file query-v2.cif (mmCIF, C-alpha atoms)
data_my_file
#
loop_
_atom_site.label_atom_id
_atom_site.label_comp_id
_atom_site.auth_asym_id
_atom_site.auth_seq_id
_atom_site.Cartn_x
_atom_site.Cartn_y
_atom_site.Cartn_z
CA MET A 19 29.94 109.75 53.82
CA ALA A 20 33.12 109.28 55.82
CA LEU A 21 36.43 109.84 54.11
CA ILE A 22 38.62 106.74 53.94
CA LEU A 23 42.19 107.88 54.48
CA GLN A 24 45.25 105.70 53.89
CA ILE A 25 48.76 107.01 54.55
CA THR A 26 51.74 104.94 53.40
CA THR A 27 55.41 105.74 53.92
CA ARG A 28 58.24 103.97 52.14
CA ASP A 29 61.84 104.30 53.32
CA VAL A 30 60.74 107.24 55.49
CA PRO A 31 61.02 106.93 59.28
CA HIS A 32 57.61 106.98 60.98
CA SER A 33 56.70 110.41 62.30
CA GLU A 34 53.53 111.26 64.23
CA ALA A 35 54.04 114.93 63.29
CA LEU A 36 54.17 114.12 59.57
CA GLU A 37 51.16 111.82 59.77
CA SER A 38 49.19 114.46 61.69
CA HIS A 39 50.17 117.09 59.09
CA ILE A 40 48.95 114.83 56.27
CA ARG A 41 45.66 114.14 58.11
CA GLU A 42 45.06 117.89 58.53
CA LYS A 43 45.68 118.48 54.81
CA ALA A 44 43.31 115.62 53.89
CA GLU A 45 40.61 116.98 56.23
CA LYS A 46 40.88 120.39 54.52
CA LEU A 47 40.40 118.69 51.15
CA GLY A 48 37.34 116.92 52.57
CA LYS A 49 35.87 120.23 53.72
CA PHE A 50 36.63 121.81 50.36
CA TYR A 51 35.02 118.95 48.43
CA PRO A 52 32.88 116.82 50.76
CA HIS A 53 32.17 114.03 48.21
CA ILE A 54 35.67 112.49 48.42
CA MET A 55 35.25 108.76 48.97
CA SER A 56 38.88 107.86 49.66
CA CYS A 57 42.27 109.49 49.74
CA ARG A 58 45.49 107.48 49.57
CA ILE A 59 48.76 109.29 50.22
CA THR A 60 52.17 107.76 49.69
CA VAL A 61 55.34 109.47 50.92
CA GLU A 62 58.57 107.85 49.88
CA LEU A 63 62.27 108.45 49.74
CA PRO A 64 63.34 106.63 46.59
CA HIS A 65 66.92 105.51 46.22
CA LYS A 66 68.27 107.87 43.58
CA HIS A 67 71.95 107.93 42.87
CA LYS A 68 71.83 110.90 40.51
CA HIS A 69 71.00 113.53 43.14
CA GLN A 70 73.22 114.79 45.92
CA GLY A 71 70.24 115.62 48.14
CA ARG A 72 67.45 113.27 49.03
CA LEU A 73 64.09 114.13 47.50
CA PHE A 74 60.84 113.03 49.12
CA ASP A 75 58.17 111.94 46.62
CA VAL A 76 54.50 112.41 47.47
CA HIS A 77 51.75 110.67 45.52
CA ILE A 78 48.03 111.30 46.18
CA ASP A 79 45.21 109.18 44.78
CA ILE A 80 41.69 110.55 45.41
CA THR A 81 38.50 108.64 44.62
CA VAL A 82 35.46 110.81 43.92
CA PRO A 83 32.07 109.78 42.51
CA GLY A 84 32.66 108.64 38.95
CA SER A 85 36.37 109.43 38.81
CA GLU A 86 39.81 109.11 40.29
CA LEU A 87 42.20 112.04 40.63
CA VAL A 88 45.92 111.41 40.81
CA VAL A 89 48.79 113.66 41.84
CA ASN A 90 52.05 112.03 40.83
CA ARG A 91 55.52 112.51 42.20
CA VAL A 92 55.65 115.89 43.80
CA ALA A 93 59.26 115.97 45.01
CA ASN A 94 61.18 118.20 47.40
CA GLU A 95 64.06 117.89 49.84
CA ASP A 96 61.70 119.01 52.62
CA VAL A 97 58.97 116.42 53.16
CA TYR A 98 56.54 119.05 54.48
CA VAL A 99 57.02 121.20 51.37
CA ALA A 100 56.47 118.15 49.15
CA VAL A 101 53.26 117.31 51.06
CA ARG A 102 52.03 120.92 50.83
CA ASP A 103 52.71 121.11 47.09
CA ALA A 104 51.02 117.75 46.46
CA PHE A 105 47.89 118.78 48.36
CA ASP A 106 47.84 122.13 46.53
CA ALA A 107 47.90 120.22 43.22
CA ALA A 108 45.14 117.91 44.52
CA LYS A 109 42.98 120.90 45.46
CA ARG A 110 43.40 122.37 41.95
CA GLN A 111 42.33 119.03 40.45
CA LEU A 112 39.31 118.91 42.77
CA GLU A 113 38.36 122.48 41.75
CA ASP A 114 38.50 121.49 38.08
CA TYR A 115 36.54 118.28 38.75
CA ALA A 116 33.84 120.17 40.72
CA ARG A 117 33.61 122.79 37.96
CA ARG A 118 33.08 120.05 35.35
CA GLN A 119 30.48 118.35 37.57
CA ARG A 120 28.52 121.62 37.80
CA GLY A 121 28.84 122.15 34.06
CA ASP A 122 30.75 125.37 34.59
CA THR A 123 33.38 126.41 32.14
CA LYS A 124 36.34 128.59 32.86
CA VAL A 125 35.81 131.97 31.24
CA HIS A 126 38.88 133.82 30.01
CA ALA A 127 38.92 137.56 29.60
CA PRO A 128 38.77 138.59 25.93
CA VAL A 129 41.91 139.96 24.30
CA LEU A 130 41.28 143.58 23.34
CA HIS A 131 42.98 145.78 20.77
CA GLY A 132 43.96 149.40 20.97
CA LYS A 133 46.56 152.07 20.31
CA ILE A 134 48.88 153.84 22.69
CA THR A 135 47.68 157.45 22.91
CA HIS A 136 49.86 158.93 25.67
CA LEU A 137 53.21 157.90 27.16
CA PHE A 138 54.82 159.34 30.26
CA LYS A 139 58.16 157.54 30.08
CA THR A 140 59.77 159.29 33.05
CA GLU A 141 56.78 158.27 35.22
CA ASP A 142 56.59 154.71 33.75
CA TYR A 143 52.96 154.79 32.58
CA GLY A 144 50.73 155.57 29.64
CA PHE A 145 47.25 155.26 28.18
CA ILE A 146 45.73 152.99 25.54
CA GLU A 147 42.66 153.91 23.52
CA THR A 148 40.34 150.98 22.90
CA VAL A 149 38.39 150.48 19.67
CA ASP A 150 35.37 151.79 21.63
CA GLY A 151 37.19 155.07 22.28
CA LEU A 152 37.85 154.45 25.99
CA GLU A 153 41.25 155.34 27.45
CA LEU A 154 42.79 152.81 29.81
CA TYR A 155 45.76 153.42 32.09
CA PHE A 156 48.74 151.05 32.05
CA HIS A 157 52.03 150.85 33.92
CA ARG A 158 55.33 149.61 32.50
CA ASP A 159 55.01 146.50 34.71
CA ASN A 160 51.93 145.51 32.69
CA LEU A 161 53.91 144.87 29.51
CA ALA A 162 54.20 141.20 28.63
CA GLY A 163 57.91 140.78 27.90
CA HIS A 164 58.47 144.02 26.02
CA ASP A 165 60.61 147.05 26.72
CA PHE A 166 58.58 150.05 27.87
CA ASP A 167 61.24 152.40 26.52
CA GLN A 168 60.67 151.06 22.98
CA LEU A 169 56.97 152.03 22.96
CA ALA A 170 55.71 154.99 20.95
CA GLU A 171 52.42 156.79 20.74
CA GLY A 172 50.35 155.23 17.96
CA ASP A 173 51.70 151.69 18.52
CA GLU A 174 49.03 149.02 18.14
CA VAL A 175 48.72 146.69 21.12
CA GLN A 176 46.73 143.77 22.48
CA PHE A 177 45.79 143.66 26.16
CA LEU A 178 43.41 142.40 28.80
CA GLU A 179 41.14 144.78 30.66
CA ASP A 180 41.21 144.59 34.46
CA ILE A 181 39.74 146.56 37.33
CA GLY A 182 42.27 148.32 39.54
CA SER A 183 42.06 150.66 42.51
CA GLU A 184 41.57 153.64 40.18
CA GLY A 185 39.13 151.92 37.80
CA TYR A 186 39.63 149.95 34.60
CA GLN A 187 43.16 149.53 33.28
CA ALA A 188 45.11 147.53 30.71
CA LYS A 189 47.11 144.44 31.78
CA ARG A 190 49.35 141.95 29.96
CA ILE A 191 49.98 144.30 27.09
CA SER A 192 51.74 142.96 24.02
CA THR A 193 53.01 144.88 21.03
CA GLY A 194 53.64 143.82 17.47
CA LYS A 195 51.68 143.47 14.28
CA HIS A 196 48.09 143.37 15.53
CA HIS A 197 45.09 143.98 13.34
CA ILE A 198 42.69 146.35 15.06
CA PRO A 199 39.12 145.51 14.09
CA GLY A 200 37.49 148.35 12.14
CA SER A 201 40.80 150.02 11.16
CA GLU A 202 40.73 148.93 7.51
#

call {"tool": "encode", "arguments": {"input": "query-v2.cif", "output": "structure tokens"}}
result
Amino acid sequence: MALILQITTRDVPHSEALESHIREKAEKLGKFYPHIMSCRITVELPHKHKHQGRLFDVHIDITVPGSELVVNRVANEDVYVAVRDAFDAAKRQLEDYARRQRGDTKVHAPVLHGKITHLFKTEDYGFIETVDGLELYFHRDNLAGHDFDQLAEGDEVQFLEDIGSEGYQAKRISTGKHHIPGSE
């Protein structure tokens, strides 16, 4: 099925380079998800008196079997950046649509509980013991909005487990009042 492509510009001077750029982006979407029936792109320069700079708005309307996906008002002072951002948003919507069509669901990593067993504050890292008795490495950069220097051995934490270059490690660590299962 051939992709029907419609490009509309409003209050934007015609540019072969811009139109070619938009066509390339639309072709990439078509290769990513070949069941697109039509793709309508509107690039406009609305008359806004509130802004010093002029912001280009990009709107994308994609028709796929059984649905319509819409990217509204991605704005930027650089028309090429606005087009890029709008097509990135369209690709994310197509990914979600394709996932739903396949019946896939997004799986999130489970939040795990543990206690800090070792801290090496001068080297900016430590270890967390999981409820299973495993020790996972973590770096100060893996704390989610908390001060590494305030941590103490024995602190209860929540975290996500991730695979790193040295093996499994803890990421997105948060501290606070967490109930560790089995620690009654």

call {"tool": "atom_distance", "arguments": {"input": "query-v2.cif", "atom1": "CA of Ile191 (chain A)", "atom2": "CA of Gln176 (chain A)"}}
result
5.7 Å

call {"tool": "closest_atom_pairs", "arguments": {"input": "query-v2.cif", "of": "region 67-127 of chain A", "to": "region 38-51 of chain A", "cutoff": "8 Å", "atoms": "all atoms listed in the file", "output": "Markdown table"}}
result
| residue | atom | partner | partner_atom | distance |
| --- | --- | --- | --- | --- |
| A:Val101 | CA | A:Ile40 | CA | 7.2 |
| A:Arg102 | CA | A:Lys43 | CA | 7.9 |
| A:Phe105 | CA | A:Lys43 | CA | 6.8 |
| A:Lys109 | CA | A:Leu47 | CA | 6.6 |
| A:Leu112 | CA | A:Tyr51 | CA | 7.1 |
| A:Ala116 | CA | A:Tyr51 | CA | 7.9 |

call {"tool": "resolve_selection", "arguments": {"input": "query-v2.cif", "expression": "the PyMOL selection byres ((chain A and resi 25) around 10)", "output": "ChimeraX atom specification"}}
result
/A:23-24,26-27,37,40-41,57-61,78

call {"tool": "residues_near_point", "arguments": {"input": "query-v2.cif", "point": "(57.1, 153.5, 32.9)", "cutoff": "7 Å", "atoms": "all atoms listed in the file", "output": "ChimeraX atom specification"}}
result
/A:138-143,157-158,166

call {"tool": "write_last_selection", "arguments": {"input": "query-v2.cif", "atoms": "C-alpha atoms", "output": "compact mmCIF listing (two decimals), keeping the file's coordinate frame"}}
result
# COMPACT_ATOMS: atom_id res chain seq x y z
CA PHE A 138 54.82 159.34 30.26
CA LYS A 139 58.16 157.54 30.08
CA THR A 140 59.77 159.29 33.05
CA GLU A 141 56.78 158.27 35.22
CA ASP A 142 56.59 154.71 33.75
CA TYR A 143 52.96 154.79 32.58
CA HIS A 157 52.03 150.85 33.92
CA ARG A 158 55.33 149.61 32.50
CA PHE A 166 58.58 150.05 27.87

call {"tool": "closest_residue", "arguments": {"input": "query-v2.cif", "among": "A:Phe145, A:Val129, A:Leu21, A:Phe74", "to": "Asp103 (chain A)", "atoms": "all atoms listed in the file"}}
result
A:Phe74

call {"tool": "resolve_selection", "arguments": {"input": "query-v2.cif", "expression": "the PyMOL selection byres ((chain A and resi 91-100) around 8)", "output": "PyMOL selection string"}}
result
chain A and resi 36+71-77+89-90+101-104

call {"tool": "closest_residue", "arguments": {"input": "query-v2.cif", "among": "A:Ala108, A:Val175, A:Leu130, A:Ala188", "to": "Asp150 (chain A)", "atoms": "all atoms listed in the file"}}
result
A:Leu130

call {"tool": "residues_around", "arguments": {"input": "query-v2.cif", "residues": "Phe156 (chain A)", "least_positions_apart": "3", "cutoff": "10 Å", "atoms": "only C-alpha atoms", "output": "short mmCIF file (atom, residue, chain, number, x, y, z; two decimals) with C-alpha atoms, in the frame of the given file"}}
result
data_model
loop_
_atom_site.label_atom_id
_atom_site.label_comp_id
_atom_site.auth_asym_id
_atom_site.auth_seq_id
_atom_site.Cartn_x
_atom_site.Cartn_y
_atom_site.Cartn_z
CA ILE A 134 48.88 153.84 22.69
CA LEU A 137 53.21 157.90 27.16
CA ASP A 142 56.59 154.71 33.75
CA TYR A 143 52.96 154.79 32.58
CA GLY A 144 50.73 155.57 29.64
CA PHE A 145 47.25 155.26 28.18
CA ILE A 146 45.73 152.99 25.54
CA GLU A 153 41.25 155.34 27.45
CA ASP A 159 55.01 146.50 34.71
CA ASN A 160 51.93 145.51 32.69
CA LEU A 161 53.91 144.87 29.51
CA PHE A 177 45.79 143.66 26.16
CA GLU A 179 41.14 144.78 30.66
CA TYR A 186 39.63 149.95 34.60
CA GLN A 187 43.16 149.53 33.28
CA ALA A 188 45.11 147.53 30.71
CA LYS A 189 47.11 144.44 31.78
CA ARG A 190 49.35 141.95 29.96
CA ILE A 191 49.98 144.30 27.09
#

call {"tool": "resolve_selection", "arguments": {"input": "query-v2.cif", "expression": "the PyMOL selection byres ((chain A and resi 149) around 7)", "output": "number ranges by chain"}}
result
A: 131-132, 147-148, 150-151

call {"tool": "write_last_selection", "arguments": {"input": "query-v2.cif", "atoms": "C-alpha atoms", "output": "PDB file, in the coordinates of the input"}}
result
ATOM      1  CA  HIS A 131      42.980 145.780  20.770  1.00  0.00           C
ATOM      2  CA  GLY A 132      43.960 149.400  20.970  1.00  0.00           C
ATOM      3  CA  GLU A 147      42.660 153.910  23.520  1.00  0.00           C
ATOM      4  CA  THR A 148      40.340 150.980  22.900  1.00  0.00           C
ATOM      5  CA  ASP A 150      35.370 151.790  21.630  1.00  0.00           C
ATOM      6  CA  GLY A 151      37.190 155.070  22.280  1.00  0.00           C
TER       7      GLY A 151
END

call {"tool": "atom_distance", "arguments": {"input": "query-v2.cif", "atom1": "CA of Ala170 (chain A)", "atom2": "CA of Thr135 (chain A)"}}
result
8.6 Å

call {"tool": "build_atoms", "arguments": {"input": "query-v2.cif", "residues": "region 54-87 of chain A", "atoms": "N, CA and C atoms", "output": "mmCIF file, in the frame of the given file"}}
result
data_model
loop_
_atom_site.group_PDB
_atom_site.id
_atom_site.type_symbol
_atom_site.label_atom_id
_atom_site.label_comp_id
_atom_site.auth_asym_id
_atom_site.auth_seq_id
_atom_site.Cartn_x
_atom_site.Cartn_y
_atom_site.Cartn_z
ATOM 1 N N ILE A 54 34.515 113.383 48.561
ATOM 2 C CA ILE A 54 35.670 112.490 48.420
ATOM 3 C C ILE A 54 35.330 111.172 49.124
ATOM 4 N N MET A 55 35.542 110.074 48.405
ATOM 5 C CA MET A 55 35.250 108.760 48.970
ATOM 6 C C MET A 55 36.484 108.183 49.670
ATOM 7 N N SER A 56 37.649 108.337 49.032
ATOM 8 C CA SER A 56 38.880 107.860 49.660
ATOM 9 C C SER A 56 40.052 108.709 49.208
ATOM 10 N N CYS A 57 41.067 108.719 50.040
ATOM 11 C CA CYS A 57 42.270 109.490 49.740
ATOM 12 C C CYS A 57 43.461 108.649 50.210
ATOM 13 N N ARG A 58 44.303 108.273 49.258
ATOM 14 C CA ARG A 58 45.490 107.480 49.570
ATOM 15 C C ARG A 58 46.726 108.327 49.305
ATOM 16 N N ILE A 59 47.551 108.478 50.316
ATOM 17 C CA ILE A 59 48.760 109.290 50.220
ATOM 18 C C ILE A 59 49.963 108.391 50.434
ATOM 19 N N THR A 60 50.932 108.503 49.545
ATOM 20 C CA THR A 60 52.170 107.760 49.690
ATOM 21 C C THR A 60 53.323 108.758 49.735
ATOM 22 N N VAL A 61 54.139 108.641 50.776
ATOM 23 C CA VAL A 61 55.340 109.470 50.920
ATOM 24 C C VAL A 61 56.508 108.499 50.889
ATOM 25 N N GLU A 62 57.435 108.761 49.970
ATOM 26 C CA GLU A 62 58.570 107.850 49.880
ATOM 27 C C GLU A 62 59.866 108.600 49.636
ATOM 28 N N LEU A 63 60.929 107.925 49.959
ATOM 29 C CA LEU A 63 62.270 108.450 49.740
ATOM 30 C C LEU A 63 62.971 107.448 48.833
ATOM 31 N N PRO A 64 62.765 107.606 47.507
ATOM 32 C CA PRO A 64 63.340 106.630 46.590
ATOM 33 C C PRO A 64 64.872 106.691 46.605
ATOM 34 N N HIS A 65 65.460 105.577 46.274
ATOM 35 C CA HIS A 65 66.920 105.510 46.220
ATOM 36 C C HIS A 65 67.369 106.030 44.869
ATOM 37 N N LYS A 66 67.801 107.269 44.838
ATOM 38 C CA LYS A 66 68.270 107.870 43.580
ATOM 39 C C LYS A 66 69.745 108.184 43.735
ATOM 40 N N HIS A 67 70.508 107.712 42.811
ATOM 41 C CA HIS A 67 71.950 107.930 42.870
ATOM 42 C C HIS A 67 72.371 109.184 42.122
ATOM 43 N N LYS A 68 71.473 109.762 41.333
ATOM 44 C CA LYS A 68 71.830 110.900 40.510
ATOM 45 C C LYS A 68 71.846 112.215 41.290
ATOM 46 N N HIS A 69 71.128 112.290 42.390
ATOM 47 C CA HIS A 69 71.000 113.530 43.140
ATOM 48 C C HIS A 69 71.891 113.516 44.379
ATOM 49 N N GLN A 70 72.465 114.648 44.678
ATOM 50 C CA GLN A 70 73.220 114.790 45.920
ATOM 51 C C GLN A 70 72.275 114.734 47.100
ATOM 52 N N GLY A 71 71.203 115.565 47.042
ATOM 53 C CA GLY A 71 70.240 115.620 48.140
ATOM 54 C C GLY A 71 69.195 114.538 47.980
ATOM 55 N N ARG A 72 68.509 114.273 49.066
ATOM 56 C CA ARG A 72 67.450 113.270 49.030
ATOM 57 C C ARG A 72 66.124 113.980 48.809
ATOM 58 N N LEU A 73 65.375 113.531 47.821
ATOM 59 C CA LEU A 73 64.090 114.130 47.500
ATOM 60 C C LEU A 73 62.955 113.215 47.945
ATOM 61 N N PHE A 74 62.023 113.769 48.710
ATOM 62 C CA PHE A 74 60.840 113.030 49.120
ATOM 63 C C PHE A 74 59.816 113.119 47.992
ATOM 64 N N ASP A 75 59.237 111.980 47.608
ATOM 65 C CA ASP A 75 58.170 111.940 46.620
ATOM 66 C C ASP A 75 56.844 111.785 47.349
ATOM 67 N N VAL A 76 55.845 112.533 46.912
ATOM 68 C CA VAL A 76 54.500 112.410 47.470
ATOM 69 C C VAL A 76 53.552 112.113 46.321
ATOM 70 N N HIS A 77 52.728 111.109 46.507
ATOM 71 C CA HIS A 77 51.750 110.670 45.520
ATOM 72 C C HIS A 77 50.395 110.666 46.225
ATOM 73 N N ILE A 78 49.376 111.274 45.596
ATOM 74 C CA ILE A 78 48.030 111.300 46.180
ATOM 75 C C ILE A 78 47.056 110.733 45.153
ATOM 76 N N ASP A 79 46.230 109.820 45.609
ATOM 77 C CA ASP A 79 45.210 109.180 44.780
ATOM 78 C C ASP A 79 43.866 109.419 45.468
ATOM 79 N N ILE A 80 42.974 110.183 44.814
ATOM 80 C CA ILE A 80 41.690 110.550 45.410
ATOM 81 C C ILE A 80 40.569 109.922 44.590
ATOM 82 N N THR A 81 39.666 109.210 45.266
ATOM 83 C CA THR A 81 38.500 108.640 44.620
ATOM 84 C C THR A 81 37.307 109.540 44.899
ATOM 85 N N VAL A 82 36.670 109.989 43.829
ATOM 86 C CA VAL A 82 35.460 110.810 43.920
ATOM 87 C C VAL A 82 34.387 110.115 43.092
ATOM 88 N N PRO A 83 33.122 110.457 43.284
ATOM 89 C CA PRO A 83 32.070 109.780 42.510
ATOM 90 C C PRO A 83 32.333 109.861 41.004
ATOM 91 N N GLY A 84 32.495 108.704 40.398
ATOM 92 C CA GLY A 84 32.660 108.640 38.950
ATOM 93 C C GLY A 84 34.052 108.912 38.433
ATOM 94 N N SER A 85 35.041 109.108 39.314
ATOM 95 C CA SER A 85 36.370 109.430 38.810
ATOM 96 C C SER A 85 37.432 109.158 39.877
ATOM 97 N N GLU A 86 38.660 109.222 39.415
ATOM 98 C CA GLU A 86 39.810 109.110 40.290
ATOM 99 C C GLU A 86 40.783 110.200 39.896
ATOM 100 N N LEU A 87 41.255 110.957 40.872
ATOM 101 C CA LEU A 87 42.200 112.040 40.630
ATOM 102 C C LEU A 87 43.543 111.625 41.193
#
